[in-house]
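The structure appears below as structure tokens.
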Amino acid sequence: MTRVAEFSVDRIQLLDAAGVLVGDSPDVARDRNRVIDMYRWMVLTRAFDARAIALQRTGRLGTYASSLGQEAVAVGLADAMERDDVLLPSFREHGAQLRRGVTMNELLLYWGGDERGSDFSGARHDFPCCIPVGSHAPHAAGVGLAIQLRGEPWVAVCVFGDGATSKGDVYEAMNISGAWTLPVVFVASNNEWSISVPRSAQTACETLAQKAVASGFEGVQVDGNDVFAVREVANRALEKARSGGGPTLIEALTYRLGDHTTVDDASRYRDDEEVGRHWKQEPVARLRAFLTTTHEWTREDEETMIESCHAEVEAAVEEYLATESQPVESIFDYLHEKLPSAYAGQRGMALGEEGDR
Amino acid sequence: MNPASADPGSTDTGMNMVEAINHALTSAMVADDSIVLLGEDIGINGGVFRATDGLQARFGKDRVRDTPLSEALIAGLPVGLAAMGFRPVAEIQFMGFIYPAIDQIVNHASRLRTRTRGRLTCPMVLRAPFGGGIHAPEHHSESMEAMFAHIPGIRVVIPSSPARAYGLLLAAIANPDPVIFLEPKRLYRARREPVTDDGRPLPMDHCFKLREGSDITLVSWGAMLKETIEAADMLAGEGVEAEVIDVATLKPLDMSTILDSVGKTGRCVIIHEAPLTGGFGAEIAARLACEGLMQLLAPVERVAGWDTVMPLPRLETRYLPNVERVLAAARRTASYS
């Protein structure tokens, strides 16, 4: 017998659950302002999340997918990305979208049922969030191919959940990205639950990261509640992709502290004890502890920041609630570049005009 | 499937449909660097029907790319490419393998412009050979165009001759929105005709009137136009002048050309190879009932494939509508009073 291939998967953690640095200290951890900046994006994301749920509960927002507990994956990843990289998010990456210039008003418009929420004023090349799980992975390969054909130094960054790693289109996208050495970073944000199906029931693999092995490139695990580690691992993967080294799959280990969406009730399938255990690992408190012990972060600093985040969220909510719906003809006017004359009659009928179809 | 290689086409000897498609792709790629071809075996092999024969040698491996067997990817990757400013033309080897790609068409390609309010768009073409009549293996002969015609936000185009394949494919590639371009493989090598390789598109969203007549309107598309025109010629011998309409673009449907014709003839038979129930003929018949009822002198008839699983080659000629079935329906309709 000859052994023809061997594989291993590494896990990286830089900041433990208590907020203490373990192993090599990343440069960014020594830069107080940079740490505060990342912390603020995480706090803002959480404040946004709480307000979005409250809006849904009071009938002013549609079904909403909370990112509670997963803020470090989104913010650490977006922090490592360049402006001209292209983000292809799933539906739980609010923090990454905000960090890249999507406004809170736009996110609220989207989840409130208005297509203008995906016409981002910033991050113009980023894709809108993808609802059919994992079906955006082939788009990331296409974006990567476009970048490669133009010889540009940018990277397509595709984020999906653990549930998506069971899907064929995710494998097809990873497979071609490996075969063509495309500049793509795949991020599996493993929050342990695919609605009600736990990670352990989804696959016999020990890690999701090893799914990269079958596509011929590196898969790595990172503590997804450790923003330093996420940023560091993302940086490495992005630099590899930029320099022609091809794709990486990052499995970020995190936990969905909330329900799947506002129409889910997670108490039907998981117990409080499990959730309570994961609250001890969550990313925001962890970074706050680090800031407190290392960068003299005070209670006053904390209160000031929370207040300013809430004010920012409230301003966005006001703007969102004051935004009128688009007129009905908009559902026709963006269907094609120019509306085919075959649909002119229907457009008129939607406007309440008389006439045949 | 390994059909014989295409003859080199030229305007002198005319072109068959495969050659016309090859020339349209060539013409478009010469004119526009952003066009990238993708599909299974389309590179050195030139596609199993040779539609992309010689294109990789001419335009290079970057622009003519062999993909793995990966249909969701073949439809999904172009969405990313197109959103970034390229114009991908992807080939699904046979329509029977297109179903994993439908998710990408319905959920992404067709709605990217709408859902981003025009920020991102999807100028892609998905080509696929379809239909029966070449004694192909199982899963290679179905006609499922109505499934695509039901999807908002895309165009569905089906050529019925080499010249229309050439001009409509150029139009599809130039279009800023996604187009499903279905090629009746029974017509790939059925006949040659002069095609001017001048890079000029034909209009989409537009029916073509292939034959003038005042007694009955025969509406069809794709491969069935062969039988339809044969039937029209035989009807002429019986003193019935049939107008023959090639729908060509199923979606969006140019109903006004059909209504104009039926307004003149008062009688209509719709002919398609796809199964009867829920077929695209049902849409045309419904529109005639809604918008042309007062002009009708006879019930609208449909001649279609049976509502059965497409049989394997031994029985496929018993499945496909033939000239006799078209004639019988046309005679009933023409003589109805």
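Each chain of the structure tokens is named A, B, ... in the order shown, its residues numbered from 1; ligands are numbered from 1 in display order.
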For the interface of chain B with chain A (cut-off 7 Å, counting only C-alpha atoms), please tabulate each contacting residue of chain B alongside its nearest pair of atoms and their separation in Å to one decimal, rows sorted by chain and increasing number, as JSON lines.
```
{"residue": "B:Ser70", "atom": "CA", "partner": "A:Glu172", "partner_atom": "CA", "distance": 6.3}
{"residue": "B:Ala72", "atom": "CA", "partner": "A:Asp169", "partner_atom": "CA", "distance": 6.1}
{"residue": "B:Leu73", "atom": "CA", "partner": "A:Pro138", "partner_atom": "CA", "distance": 5.4}
{"residue": "B:Gly76", "atom": "CA", "partner": "A:Pro138", "partner_atom": "CA", "distance": 4.9}
{"residue": "B:Leu77", "atom": "CA", "partner": "A:Gly142", "partner_atom": "CA", "distance": 4.3}
{"residue": "B:Pro78", "atom": "CA", "partner": "A:Gly142", "partner_atom": "CA", "distance": 5.8}
{"residue": "B:Val79", "atom": "CA", "partner": "A:His139", "partner_atom": "CA", "distance": 5.7}
{"residue": "B:Gly80", "atom": "CA", "partner": "A:His139", "partner_atom": "CA", "distance": 4.0}
{"residue": "B:Leu81", "atom": "CA", "partner": "A:Gly142", "partner_atom": "CA", "distance": 4.5}
{"residue": "B:Met84", "atom": "CA", "partner": "A:Val143", "partner_atom": "CA", "distance": 6.4}
{"residue": "B:Arg113", "atom": "CA", "partner": "A:Tyr334", "partner_atom": "CA", "distance": 6.1}
{"residue": "B:Thr114", "atom": "CA", "partner": "A:Tyr334", "partner_atom": "CA", "distance": 4.8}
{"residue": "B:Arg115", "atom": "CA", "partner": "A:Glu115", "partner_atom": "CA", "distance": 5.3}
{"residue": "B:Thr116", "atom": "CA", "partner": "A:Asp119", "partner_atom": "CA", "distance": 4.8}
{"residue": "B:Arg117", "atom": "CA", "partner": "A:Asp119", "partner_atom": "CA", "distance": 5.9}
{"residue": "B:Gly118", "atom": "CA", "partner": "A:Tyr334", "partner_atom": "CA", "distance": 6.3}
{"residue": "B:Arg119", "atom": "CA", "partner": "A:Asp119", "partner_atom": "CA", "distance": 5.8}
{"residue": "B:Gly153", "atom": "CA", "partner": "A:Leu335", "partner_atom": "CA", "distance": 5.5}
{"residue": "B:Pro176", "atom": "CA", "partner": "A:Glu337", "partner_atom": "CA", "distance": 6.6}
{"residue": "B:Asp177", "atom": "CA", "partner": "A:His336", "partner_atom": "CA", "distance": 6.3}
{"residue": "B:Pro252", "atom": "CA", "partner": "A:Ala342", "partner_atom": "CA", "distance": 6.0}
{"residue": "B:Leu253", "atom": "CA", "partner": "A:Ala342", "partner_atom": "CA", "distance": 6.3}
{"residue": "B:Asp254", "atom": "CA", "partner": "A:Ala342", "partner_atom": "CA", "distance": 6.4}
```
N, CA, C and O atoms of the current selection, written as a PDB file, in the first residue's frame:
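Final file, result03.pdb:
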```
ATOM      1  N   SER B  70     -21.182  20.064 -14.217  1.00  0.00           N
ATOM      2  CA  SER B  70     -21.506  20.913 -13.084  1.00  0.00           C
ATOM      3  C   SER B  70     -22.574  21.915 -13.500  1.00  0.00           C
ATOM      4  O   SER B  70     -22.326  23.099 -13.622  1.00  0.00           O
ATOM      5  N   ALA B  72     -25.317  23.307 -12.191  1.00  0.00           N
ATOM      6  CA  ALA B  72     -25.680  24.461 -11.358  1.00  0.00           C
ATOM      7  C   ALA B  72     -24.622  25.548 -11.517  1.00  0.00           C
ATOM      8  O   ALA B  72     -24.926  26.742 -11.576  1.00  0.00           O
ATOM      9  N   LEU B  73     -23.382  25.103 -11.614  1.00  0.00           N
ATOM     10  CA  LEU B  73     -22.277  26.051 -11.789  1.00  0.00           C
ATOM     11  C   LEU B  73     -22.313  26.712 -13.169  1.00  0.00           C
ATOM     12  O   LEU B  73     -22.064  27.917 -13.303  1.00  0.00           O
ATOM     13  N   GLY B  76     -24.786  29.232 -12.812  1.00  0.00           N
ATOM     14  CA  GLY B  76     -24.569  30.156 -11.702  1.00  0.00           C
ATOM     15  C   GLY B  76     -23.319  30.991 -11.835  1.00  0.00           C
ATOM     16  O   GLY B  76     -23.318  32.179 -11.497  1.00  0.00           O
ATOM     17  N   LEU B  77     -22.249  30.399 -12.325  1.00  0.00           N
ATOM     18  CA  LEU B  77     -21.012  31.160 -12.488  1.00  0.00           C
ATOM     19  C   LEU B  77     -21.196  32.355 -13.428  1.00  0.00           C
ATOM     20  O   LEU B  77     -20.718  33.453 -13.140  1.00  0.00           O
ATOM     21  N   PRO B  78     -21.929  32.197 -14.527  1.00  0.00           N
ATOM     22  CA  PRO B  78     -22.140  33.358 -15.404  1.00  0.00           C
ATOM     23  C   PRO B  78     -22.881  34.513 -14.729  1.00  0.00           C
ATOM     24  O   PRO B  78     -22.717  35.658 -15.145  1.00  0.00           O
ATOM     25  N   VAL B  79     -23.669  34.226 -13.699  1.00  0.00           N
ATOM     26  CA  VAL B  79     -24.345  35.322 -12.986  1.00  0.00           C
ATOM     27  C   VAL B  79     -23.293  36.243 -12.354  1.00  0.00           C
ATOM     28  O   VAL B  79     -23.389  37.473 -12.457  1.00  0.00           O
ATOM     29  N   GLY B  80     -22.286  35.623 -11.742  1.00  0.00           N
ATOM     30  CA  GLY B  80     -21.204  36.415 -11.152  1.00  0.00           C
ATOM     31  C   GLY B  80     -20.390  37.141 -12.208  1.00  0.00           C
ATOM     32  O   GLY B  80     -20.053  38.315 -12.064  1.00  0.00           O
ATOM     33  N   LEU B  81     -20.086  36.433 -13.292  1.00  0.00           N
ATOM     34  CA  LEU B  81     -19.318  37.045 -14.393  1.00  0.00           C
ATOM     35  C   LEU B  81     -20.086  38.225 -14.985  1.00  0.00           C
ATOM     36  O   LEU B  81     -19.523  39.299 -15.229  1.00  0.00           O
ATOM     37  N   MET B  84     -20.259  41.372 -13.068  1.00  0.00           N
ATOM     38  CA  MET B  84     -18.978  42.089 -13.084  1.00  0.00           C
ATOM     39  C   MET B  84     -18.669  42.692 -14.448  1.00  0.00           C
ATOM     40  O   MET B  84     -17.558  43.164 -14.694  1.00  0.00           O
ATOM     41  N   ARG B 113     -31.378  42.118 -11.689  1.00  0.00           N
ATOM     42  CA  ARG B 113     -31.649  43.526 -11.990  1.00  0.00           C
ATOM     43  C   ARG B 113     -32.779  44.059 -11.096  1.00  0.00           C
ATOM     44  O   ARG B 113     -32.643  45.125 -10.494  1.00  0.00           O
ATOM     45  N   THR B 114     -33.849  43.301 -11.000  1.00  0.00           N
ATOM     46  CA  THR B 114     -34.978  43.736 -10.183  1.00  0.00           C
ATOM     47  C   THR B 114     -34.576  43.914  -8.731  1.00  0.00           C
ATOM     48  O   THR B 114     -34.848  44.934  -8.109  1.00  0.00           O
ATOM     49  N   ARG B 115     -33.910  42.897  -8.179  1.00  0.00           N
ATOM     50  CA  ARG B 115     -33.690  42.921  -6.735  1.00  0.00           C
ATOM     51  C   ARG B 115     -32.619  43.901  -6.315  1.00  0.00           C
ATOM     52  O   ARG B 115     -32.511  44.225  -5.143  1.00  0.00           O
ATOM     53  N   THR B 116     -31.800  44.376  -7.258  1.00  0.00           N
ATOM     54  CA  THR B 116     -30.816  45.410  -6.913  1.00  0.00           C
ATOM     55  C   THR B 116     -31.205  46.743  -7.525  1.00  0.00           C
ATOM     56  O   THR B 116     -30.412  47.671  -7.534  1.00  0.00           O
ATOM     57  N   ARG B 117     -32.426  46.818  -8.065  1.00  0.00           N
ATOM     58  CA  ARG B 117     -32.900  48.044  -8.706  1.00  0.00           C
ATOM     59  C   ARG B 117     -31.906  48.549  -9.765  1.00  0.00           C
ATOM     60  O   ARG B 117     -31.598  49.724  -9.852  1.00  0.00           O
ATOM     61  N   GLY B 118     -31.382  47.573 -10.521  1.00  0.00           N
ATOM     62  CA  GLY B 118     -30.523  47.908 -11.652  1.00  0.00           C
ATOM     63  C   GLY B 118     -29.059  48.103 -11.303  1.00  0.00           C
ATOM     64  O   GLY B 118     -28.240  48.349 -12.193  1.00  0.00           O
ATOM     65  N   ARG B 119     -28.698  47.959 -10.019  1.00  0.00           N
ATOM     66  CA  ARG B 119     -27.279  48.125  -9.642  1.00  0.00           C
ATOM     67  C   ARG B 119     -26.431  47.016 -10.257  1.00  0.00           C
ATOM     68  O   ARG B 119     -25.344  47.271 -10.769  1.00  0.00           O
ATOM     69  N   GLY B 153     -38.666  37.724 -16.064  1.00  0.00           N
ATOM     70  CA  GLY B 153     -37.334  38.331 -16.045  1.00  0.00           C
ATOM     71  C   GLY B 153     -36.333  37.738 -17.014  1.00  0.00           C
ATOM     72  O   GLY B 153     -35.174  38.152 -17.030  1.00  0.00           O
ATOM     73  N   PRO B 176     -29.006  43.128 -22.837  1.00  0.00           N
ATOM     74  CA  PRO B 176     -28.469  43.390 -21.484  1.00  0.00           C
ATOM     75  C   PRO B 176     -29.106  42.549 -20.385  1.00  0.00           C
ATOM     76  O   PRO B 176     -28.808  42.758 -19.216  1.00  0.00           O
ATOM     77  N   ASP B 177     -29.946  41.597 -20.743  1.00  0.00           N
ATOM     78  CA  ASP B 177     -30.629  40.762 -19.746  1.00  0.00           C
ATOM     79  C   ASP B 177     -30.518  39.291 -20.135  1.00  0.00           C
ATOM     80  O   ASP B 177     -30.161  38.972 -21.265  1.00  0.00           O
ATOM     81  N   PRO B 252     -40.573  37.543 -24.121  1.00  0.00           N
ATOM     82  CA  PRO B 252     -41.959  37.993 -24.133  1.00  0.00           C
ATOM     83  C   PRO B 252     -42.632  37.666 -25.469  1.00  0.00           C
ATOM     84  O   PRO B 252     -41.991  37.717 -26.515  1.00  0.00           O
ATOM     85  N   LEU B 253     -43.913  37.355 -25.401  1.00  0.00           N
ATOM     86  CA  LEU B 253     -44.642  36.881 -26.578  1.00  0.00           C
ATOM     87  C   LEU B 253     -45.192  38.049 -27.393  1.00  0.00           C
ATOM     88  O   LEU B 253     -45.854  38.930 -26.848  1.00  0.00           O
ATOM     89  N   ASP B 254     -44.898  38.002 -28.677  1.00  0.00           N
ATOM     90  CA  ASP B 254     -45.439  39.001 -29.619  1.00  0.00           C
ATOM     91  C   ASP B 254     -46.834  38.544 -30.030  1.00  0.00           C
ATOM     92  O   ASP B 254     -47.027  37.941 -31.074  1.00  0.00           O
TER      93      ASP B 254
END
```
- request: Using only C-alpha atoms, find the one residue out of A:Leu55, A:Val43, A:Ala201, A:Leu21 that sits nearest to Asp226 (chain A).
  value: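 Selected residue with least distance to Asp226 (chain A): A:Leu21.
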Name the residues of region 44-160 of chain B that fall into alpha helix (DSSP H) according to DSSP on the backbone, using the chain letters and numbers of this document, as a PDB file with N, CA and C atoms, in the first residue's frame.
```
ATOM      1  N   LEU B  55     -13.371  27.407 -31.789  1.00  0.00           N
ATOM      2  CA  LEU B  55     -13.396  28.705 -31.104  1.00  0.00           C
ATOM      3  C   LEU B  55     -12.316  28.818 -30.036  1.00  0.00           C
ATOM      4  N   GLN B  56     -12.014  27.709 -29.367  1.00  0.00           N
ATOM      5  CA  GLN B  56     -10.948  27.788 -28.374  1.00  0.00           C
ATOM      6  C   GLN B  56      -9.598  28.050 -29.044  1.00  0.00           C
ATOM      7  N   ALA B  57      -9.391  27.401 -30.184  1.00  0.00           N
ATOM      8  CA  ALA B  57      -8.131  27.632 -30.915  1.00  0.00           C
ATOM      9  C   ALA B  57      -8.034  29.089 -31.339  1.00  0.00           C
ATOM     10  N   ARG B  58      -9.160  29.662 -31.710  1.00  0.00           N
ATOM     11  CA  ARG B  58      -9.134  31.045 -32.201  1.00  0.00           C
ATOM     12  C   ARG B  58      -9.084  32.080 -31.080  1.00  0.00           C
ATOM     13  N   PHE B  59      -9.860  31.858 -30.018  1.00  0.00           N
ATOM     14  CA  PHE B  59     -10.008  32.901 -28.991  1.00  0.00           C
ATOM     15  C   PHE B  59      -9.285  32.577 -27.678  1.00  0.00           C
ATOM     16  N   GLU B  71     -23.795  21.435 -13.716  1.00  0.00           N
ATOM     17  CA  GLU B  71     -24.791  22.302 -14.372  1.00  0.00           C
ATOM     18  C   GLU B  71     -25.229  23.485 -13.518  1.00  0.00           C
ATOM     19  N   ALA B  72     -25.317  23.307 -12.191  1.00  0.00           N
ATOM     20  CA  ALA B  72     -25.680  24.461 -11.358  1.00  0.00           C
ATOM     21  C   ALA B  72     -24.622  25.548 -11.517  1.00  0.00           C
ATOM     22  N   LEU B  73     -23.382  25.103 -11.614  1.00  0.00           N
ATOM     23  CA  LEU B  73     -22.277  26.051 -11.789  1.00  0.00           C
ATOM     24  C   LEU B  73     -22.313  26.712 -13.169  1.00  0.00           C
ATOM     25  N   ILE B  74     -22.623  25.926 -14.188  1.00  0.00           N
ATOM     26  CA  ILE B  74     -22.619  26.463 -15.556  1.00  0.00           C
ATOM     27  C   ILE B  74     -23.654  27.575 -15.706  1.00  0.00           C
ATOM     28  N   ALA B  75     -24.744  27.473 -14.940  1.00  0.00           N
ATOM     29  CA  ALA B  75     -25.717  28.567 -14.957  1.00  0.00           C
ATOM     30  C   ALA B  75     -25.406  29.623 -13.904  1.00  0.00           C
ATOM     31  N   GLY B  76     -24.786  29.232 -12.812  1.00  0.00           N
ATOM     32  CA  GLY B  76     -24.569  30.156 -11.702  1.00  0.00           C
ATOM     33  C   GLY B  76     -23.319  30.991 -11.835  1.00  0.00           C
ATOM     34  N   LEU B  77     -22.249  30.399 -12.325  1.00  0.00           N
ATOM     35  CA  LEU B  77     -21.012  31.160 -12.488  1.00  0.00           C
ATOM     36  C   LEU B  77     -21.196  32.355 -13.428  1.00  0.00           C
ATOM     37  N   PRO B  78     -21.929  32.197 -14.527  1.00  0.00           N
ATOM     38  CA  PRO B  78     -22.140  33.358 -15.404  1.00  0.00           C
ATOM     39  C   PRO B  78     -22.881  34.513 -14.729  1.00  0.00           C
ATOM     40  N   VAL B  79     -23.669  34.226 -13.699  1.00  0.00           N
ATOM     41  CA  VAL B  79     -24.345  35.322 -12.986  1.00  0.00           C
ATOM     42  C   VAL B  79     -23.293  36.243 -12.354  1.00  0.00           C
ATOM     43  N   GLY B  80     -22.286  35.623 -11.742  1.00  0.00           N
ATOM     44  CA  GLY B  80     -21.204  36.415 -11.152  1.00  0.00           C
ATOM     45  C   GLY B  80     -20.390  37.141 -12.208  1.00  0.00           C
ATOM     46  N   LEU B  81     -20.086  36.433 -13.292  1.00  0.00           N
ATOM     47  CA  LEU B  81     -19.318  37.045 -14.393  1.00  0.00           C
ATOM     48  C   LEU B  81     -20.086  38.225 -14.985  1.00  0.00           C
ATOM     49  N   ALA B  82     -21.376  38.014 -15.233  1.00  0.00           N
ATOM     50  CA  ALA B  82     -22.192  39.042 -15.880  1.00  0.00           C
ATOM     51  C   ALA B  82     -22.336  40.268 -14.976  1.00  0.00           C
ATOM     52  N   ALA B  83     -22.507  40.006 -13.672  1.00  0.00           N
ATOM     53  CA  ALA B  83     -22.647  41.128 -12.739  1.00  0.00           C
ATOM     54  C   ALA B  83     -21.389  41.983 -12.718  1.00  0.00           C
ATOM     55  N   TYR B  99     -31.906  20.838 -15.560  1.00  0.00           N
ATOM     56  CA  TYR B  99     -32.717  21.062 -14.362  1.00  0.00           C
ATOM     57  C   TYR B  99     -31.939  21.554 -13.144  1.00  0.00           C
ATOM     58  N   PRO B 100     -30.707  21.086 -12.881  1.00  0.00           N
ATOM     59  CA  PRO B 100     -29.969  21.681 -11.747  1.00  0.00           C
ATOM     60  C   PRO B 100     -29.666  23.167 -11.959  1.00  0.00           C
ATOM     61  N   ALA B 101     -29.752  23.614 -13.205  1.00  0.00           N
ATOM     62  CA  ALA B 101     -29.451  25.021 -13.505  1.00  0.00           C
ATOM     63  C   ALA B 101     -30.647  25.928 -13.284  1.00  0.00           C
ATOM     64  N   ILE B 102     -31.823  25.342 -13.166  1.00  0.00           N
ATOM     65  CA  ILE B 102     -33.037  26.171 -13.100  1.00  0.00           C
ATOM     66  C   ILE B 102     -33.062  27.032 -11.842  1.00  0.00           C
ATOM     67  N   ASP B 103     -32.536  26.504 -10.736  1.00  0.00           N
ATOM     68  CA  ASP B 103     -32.453  27.299  -9.506  1.00  0.00           C
ATOM     69  C   ASP B 103     -31.755  28.628  -9.790  1.00  0.00           C
ATOM     70  N   GLN B 104     -30.651  28.547 -10.507  1.00  0.00           N
ATOM     71  CA  GLN B 104     -29.885  29.761 -10.801  1.00  0.00           C
ATOM     72  C   GLN B 104     -30.651  30.708 -11.720  1.00  0.00           C
ATOM     73  N   LEU B 112     -31.767  39.470 -10.795  1.00  0.00           N
ATOM     74  CA  LEU B 112     -30.666  40.279 -10.247  1.00  0.00           C
ATOM     75  C   LEU B 112     -30.912  41.772 -10.493  1.00  0.00           C
ATOM     76  N   ARG B 113     -31.378  42.118 -11.689  1.00  0.00           N
ATOM     77  CA  ARG B 113     -31.649  43.526 -11.990  1.00  0.00           C
ATOM     78  C   ARG B 113     -32.779  44.059 -11.096  1.00  0.00           C
ATOM     79  N   THR B 114     -33.849  43.301 -11.000  1.00  0.00           N
ATOM     80  CA  THR B 114     -34.978  43.736 -10.183  1.00  0.00           C
ATOM     81  C   THR B 114     -34.576  43.914  -8.731  1.00  0.00           C
ATOM     82  N   ARG B 115     -33.910  42.897  -8.179  1.00  0.00           N
ATOM     83  CA  ARG B 115     -33.690  42.921  -6.735  1.00  0.00           C
ATOM     84  C   ARG B 115     -32.619  43.901  -6.315  1.00  0.00           C
ATOM     85  N   GLU B 145     -39.638  23.858 -23.014  1.00  0.00           N
ATOM     86  CA  GLU B 145     -39.535  25.309 -23.104  1.00  0.00           C
ATOM     87  C   GLU B 145     -40.571  26.045 -22.282  1.00  0.00           C
ATOM     88  N   ALA B 146     -41.749  25.420 -22.078  1.00  0.00           N
ATOM     89  CA  ALA B 146     -42.807  26.112 -21.330  1.00  0.00           C
ATOM     90  C   ALA B 146     -42.386  26.383 -19.887  1.00  0.00           C
ATOM     91  N   MET B 147     -41.547  25.497 -19.322  1.00  0.00           N
ATOM     92  CA  MET B 147     -41.054  25.734 -17.965  1.00  0.00           C
ATOM     93  C   MET B 147     -40.308  27.053 -17.890  1.00  0.00           C
ATOM     94  N   PHE B 148     -39.510  27.330 -18.912  1.00  0.00           N
ATOM     95  CA  PHE B 148     -38.735  28.571 -18.912  1.00  0.00           C
ATOM     96  C   PHE B 148     -39.606  29.779 -19.237  1.00  0.00           C
ATOM     97  N   ALA B 149     -40.581  29.557 -20.124  1.00  0.00           N
ATOM     98  CA  ALA B 149     -41.457  30.672 -20.497  1.00  0.00           C
ATOM     99  C   ALA B 149     -42.291  31.141 -19.312  1.00  0.00           C
TER     100      ALA B 149
END
```
- prompt: Nearest to Asp27 (chain A) among A:Val184, A:Ala315, A:Leu14, A:Leu208, with distances taken over only C-alpha atoms: which residue is it?
  reply: A:Leu14
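The protein and nucleic acid residues lying at most 12 Å from Ala322 (chain A) are Arg60, Asn105, Leu108, Leu109, Ala315 and Ala316 of chain A, with only C-alpha atoms considered and sequence neighbours fewer than 6 positions away removed.
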With all heavy atoms retained, export the selected residues as a PDB file, in the first residue's frame.
```pdb
ATOM      1  N   ARG A  60     -43.405  46.320  12.132  1.00  0.00           N
ATOM      2  CA  ARG A  60     -42.857  47.357  11.251  1.00  0.00           C
ATOM      3  C   ARG A  60     -41.670  46.880  10.414  1.00  0.00           C
ATOM      4  O   ARG A  60     -41.025  47.650   9.717  1.00  0.00           O
ATOM      5  CB  ARG A  60     -42.470  48.589  12.092  1.00  0.00           C
ATOM      6  CG  ARG A  60     -43.706  49.303  12.651  1.00  0.00           C
ATOM      7  CD  ARG A  60     -43.333  50.429  13.580  1.00  0.00           C
ATOM      8  NE  ARG A  60     -42.736  49.926  14.811  1.00  0.00           N
ATOM      9  CZ  ARG A  60     -42.160  50.703  15.733  1.00  0.00           C
ATOM     10  NH1 ARG A  60     -42.090  52.003  15.547  1.00  0.00           N
ATOM     11  NH2 ARG A  60     -41.662  50.176  16.832  1.00  0.00           N
ATOM     12  N   ASN A 105     -30.178  51.930   7.066  1.00  0.00           N
ATOM     13  CA  ASN A 105     -31.465  52.177   6.402  1.00  0.00           C
ATOM     14  C   ASN A 105     -31.664  51.184   5.264  1.00  0.00           C
ATOM     15  O   ASN A 105     -32.769  50.658   5.070  1.00  0.00           O
ATOM     16  CB  ASN A 105     -31.512  53.615   5.890  1.00  0.00           C
ATOM     17  CG  ASN A 105     -32.824  53.915   5.184  1.00  0.00           C
ATOM     18  OD1 ASN A 105     -33.884  53.524   5.657  1.00  0.00           O
ATOM     19  ND2 ASN A 105     -32.743  54.581   4.043  1.00  0.00           N
ATOM     20  N   LEU A 108     -32.568  47.817   6.664  1.00  0.00           N
ATOM     21  CA  LEU A 108     -33.953  47.830   7.136  1.00  0.00           C
ATOM     22  C   LEU A 108     -34.923  47.818   5.955  1.00  0.00           C
ATOM     23  O   LEU A 108     -35.943  47.129   5.995  1.00  0.00           O
ATOM     24  CB  LEU A 108     -34.197  49.054   8.023  1.00  0.00           C
ATOM     25  CG  LEU A 108     -33.505  49.015   9.390  1.00  0.00           C
ATOM     26  CD1 LEU A 108     -33.595  50.383  10.069  1.00  0.00           C
ATOM     27  CD2 LEU A 108     -34.116  47.931  10.282  1.00  0.00           C
ATOM     28  N   LEU A 109     -34.594  48.563   4.913  1.00  0.00           N
ATOM     29  CA  LEU A 109     -35.464  48.554   3.733  1.00  0.00           C
ATOM     30  C   LEU A 109     -35.575  47.141   3.176  1.00  0.00           C
ATOM     31  O   LEU A 109     -36.661  46.660   2.846  1.00  0.00           O
ATOM     32  CB  LEU A 109     -34.927  49.510   2.662  1.00  0.00           C
ATOM     33  CG  LEU A 109     -35.234  50.992   2.863  1.00  0.00           C
ATOM     34  CD1 LEU A 109     -34.454  51.833   1.860  1.00  0.00           C
ATOM     35  CD2 LEU A 109     -36.733  51.265   2.734  1.00  0.00           C
ATOM     36  N   ALA A 315     -31.586  56.810  14.329  1.00  0.00           N
ATOM     37  CA  ALA A 315     -31.646  57.717  13.177  1.00  0.00           C
ATOM     38  C   ALA A 315     -31.986  56.923  11.917  1.00  0.00           C
ATOM     39  O   ALA A 315     -32.797  57.357  11.079  1.00  0.00           O
ATOM     40  CB  ALA A 315     -30.321  58.456  13.022  1.00  0.00           C
ATOM     41  N   ALA A 316     -31.368  55.726  11.789  1.00  0.00           N
ATOM     42  CA  ALA A 316     -31.646  54.883  10.619  1.00  0.00           C
ATOM     43  C   ALA A 316     -33.091  54.394  10.636  1.00  0.00           C
ATOM     44  O   ALA A 316     -33.756  54.344   9.596  1.00  0.00           O
ATOM     45  CB  ALA A 316     -30.678  53.702  10.581  1.00  0.00           C
TER      46      ALA A 316
END
```
query: How far is it from CA of Thr304 (chain A) to CA of Val275 (chain A), in Å with one decimal?
result: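 Here the two named atoms are 28.9 Å from each other.
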field: Residue list (strand (DSSP E or B), DSSP) for region 1-128 of chain B, as a VMD selection string
entry: chain B and resid 10 14 to 15 35 to 39 64 to 66 87 to 91 125 to 128
message: Could you list, as an MDAnalysis selection string, every residue within 6 Å of region 132-136 of chain B, counting only C-alpha atoms and ignoring same-chain residues fewer than 4 positions away?
response: chainID B and resid 140:141 186 313
